[in-house]
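Shown next, in structure tokens, is the structure this report addresses.
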Amino acid sequence: MADWLAAIILGLVEGLTEFIPVSSTGHLLLAKQALGLGDEPWDTFIVMIQLGAILAVVALYFQRLWKVLIGLPGKDPAARLFALSVLLAFIPSAIVGLLFHDFIKEVLFNTTIVCVTLIIGGFALIALERWAPVPREHDAMKFSWKTALGVGLFQCLSIIPGVSRSGATIVGGLLLGVEKRAAAEFSFFLAIPTMVAAFGLDFWESREMINADVAGIIAIGFVVSFISGLFIVRFLIDFVGRYGFAPFAAWRILIGTVGLLGIWLYA
């Protein structure tokens, strides 16, 4: 398969899965293996194109984010509360990601781990649909510092491919008493600093292998993930409000099971 076509396919997978709790990295690793692609530069590609999907959040929430940005110099209490909550939620995963970056790529980028964690996460979502605490917080831009930090600690679980960054933060939010739509929105906002940092770190670590050809396929995947991410962000909040997270749980279990069967058959 031509590299440009593989980049388009993986870009679509990234954009369509980044914000739903099914693990974009897990799906990308499974897709990479299904397409017969090697580890490098494709493992670097997988991390770096995630920024394209994140920019979709910036585009769609630009007015709200801009209001926060211009409110900070004027010490707007609402802007400061939101900025502090995102910062507190970001710090734990930033520390863990920095400390374990090489271990994550060399050891945890494993399709068996991905499939197992997809299945476990699916059952966790089903359990939460039934037994989640009664929501106490309903506005993603007004979380208490304790809730924000708790969500950030849950995000650390997403260093394991297949857990899902959005899944970990949404599950954490639900367990901490956050309403479903607010949990999904805060996951969007937290993705911005998290994925910008992951992009920057991976770019620096991989800078010597990123030649013109590699940069070209990354650019293709970046654009495709941005466009498909726009679609999903527009669609997700209403979908979650209407159907909850059970459909995503079923998808996780299905893909994880099919993946394990494929690994067993072709081992």
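Letters for chains follow the order of the structure tokens (A, B, ...), residue numbers begin at 1 for each chain, and ligand numbers begin at 1 in the order shown.
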
Would you mind listing, for every residue of segment 144-205 of chain A within 9 Å of segment 37-60 of chain A, the two atoms forming the shortest contact and the distance between them in Å to one decimal, using only C-alpha atoms, sorted by chain and ascending residue number, as CSV?
```
residue,atom,partner,partner_atom,distance
A:Phe188,CA,A:Val57,CA,6.5
A:Phe189,CA,A:Val57,CA,7.4
A:Ala191,CA,A:Ile54,CA,6.6
A:Ile192,CA,A:Ile54,CA,5.8
A:Met195,CA,A:Leu51,CA,5.9
A:Val196,CA,A:Leu51,CA,6.2
A:Ala198,CA,A:Val47,CA,7.1
A:Phe199,CA,A:Met48,CA,5.0
A:Gly200,CA,A:Met48,CA,8.3
A:Asp202,CA,A:Thr44,CA,6.8
A:Phe203,CA,A:Met48,CA,7.3
```

I'd like the neighbourhood of Leu28 of chain A as a list in words, where a residue qualifies if any of its atoms comes within 8 Å (using only C-alpha atoms), though same-chain residues fewer than 2 positions away should be ignored.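 Listing them by chain and then by number gives Leu10, Val13, Glu14, Ser24, Thr25, Gly26, Leu30, Ala31, Lys32 and Ile46 of chain A.
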
Could those selected residues go to a file with N, CA and C atoms, as a PDB file, in the first residue's frame?
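Contents of part.pdb, as written:
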```
ATOM      1  N   LEU A  10      -5.077   5.921   8.405  1.00  0.00           N
ATOM      2  CA  LEU A  10      -4.754   6.105   9.824  1.00  0.00           C
ATOM      3  C   LEU A  10      -5.224   7.462  10.323  1.00  0.00           C
ATOM      4  N   VAL A  13      -8.855   7.004  11.102  1.00  0.00           N
ATOM      5  CA  VAL A  13      -9.001   6.242  12.349  1.00  0.00           C
ATOM      6  C   VAL A  13      -8.753   7.140  13.550  1.00  0.00           C
ATOM      7  N   GLU A  14      -7.703   7.957  13.482  1.00  0.00           N
ATOM      8  CA  GLU A  14      -7.388   8.873  14.582  1.00  0.00           C
ATOM      9  C   GLU A  14      -8.506   9.874  14.832  1.00  0.00           C
ATOM     10  N   SER A  24      -8.003   5.727  20.684  1.00  0.00           N
ATOM     11  CA  SER A  24      -7.510   6.034  19.343  1.00  0.00           C
ATOM     12  C   SER A  24      -6.157   5.359  19.104  1.00  0.00           C
ATOM     13  N   THR A  25      -5.274   5.382  20.109  1.00  0.00           N
ATOM     14  CA  THR A  25      -3.963   4.761  19.941  1.00  0.00           C
ATOM     15  C   THR A  25      -4.098   3.262  19.734  1.00  0.00           C
ATOM     16  N   GLY A  26      -4.994   2.639  20.507  1.00  0.00           N
ATOM     17  CA  GLY A  26      -5.224   1.213  20.333  1.00  0.00           C
ATOM     18  C   GLY A  26      -5.726   0.875  18.946  1.00  0.00           C
ATOM     19  N   LEU A  30      -3.741  -1.330  16.008  1.00  0.00           N
ATOM     20  CA  LEU A  30      -4.364  -2.472  15.344  1.00  0.00           C
ATOM     21  C   LEU A  30      -4.460  -2.239  13.831  1.00  0.00           C
ATOM     22  N   ALA A  31      -4.822  -1.012  13.440  1.00  0.00           N
ATOM     23  CA  ALA A  31      -4.903  -0.692  12.009  1.00  0.00           C
ATOM     24  C   ALA A  31      -3.528  -0.756  11.358  1.00  0.00           C
ATOM     25  N   LYS A  32      -2.525  -0.266  12.065  1.00  0.00           N
ATOM     26  CA  LYS A  32      -1.160  -0.312  11.535  1.00  0.00           C
ATOM     27  C   LYS A  32      -0.733  -1.751  11.261  1.00  0.00           C
ATOM     28  N   ILE A  46       1.728   7.882  14.518  1.00  0.00           N
ATOM     29  CA  ILE A  46       0.519   7.685  15.327  1.00  0.00           C
ATOM     30  C   ILE A  46       0.406   8.726  16.425  1.00  0.00           C
TER      31      ILE A  46
END
```

Return as JSON lines the residues of segment 105-128 of chain A lying at most 10 Å from segment 132-148 of chain A, together with the closest atom-to-atom pair for each and the distance in Å to one decimal, counting only C-alpha atoms, with rows in chain order and ascending residue number.
```
{"residue": "A:Leu125", "atom": "CA", "partner": "A:Ala132", "partner_atom": "CA", "distance": 9.5}
{"residue": "A:Ile126", "atom": "CA", "partner": "A:Ala132", "partner_atom": "CA", "distance": 9.9}
{"residue": "A:Ala127", "atom": "CA", "partner": "A:Ala132", "partner_atom": "CA", "distance": 7.7}
{"residue": "A:Leu128", "atom": "CA", "partner": "A:Ala132", "partner_atom": "CA", "distance": 4.7}
```

With only C-alpha atoms counted and 8 Å as the cut-off, give the residues of segment 171-226 of chain A in contact with segment 86-110 of chain A, each with its shortest interatomic distance in Å and the pair that gives it, as a tab-separated table.
```
residue	atom	partner	partner_atom	distance
A:Phe189	CA	A:Val86	CA	7.2
A:Leu190	CA	A:Val86	CA	5.8
A:Pro193	CA	A:Phe90	CA	6.9
A:Thr194	CA	A:Phe90	CA	6.3
A:Ala197	CA	A:Ala94	CA	7.5
A:Ala198	CA	A:Gly97	CA	7.8
A:Leu201	CA	A:Leu98	CA	8.0
```
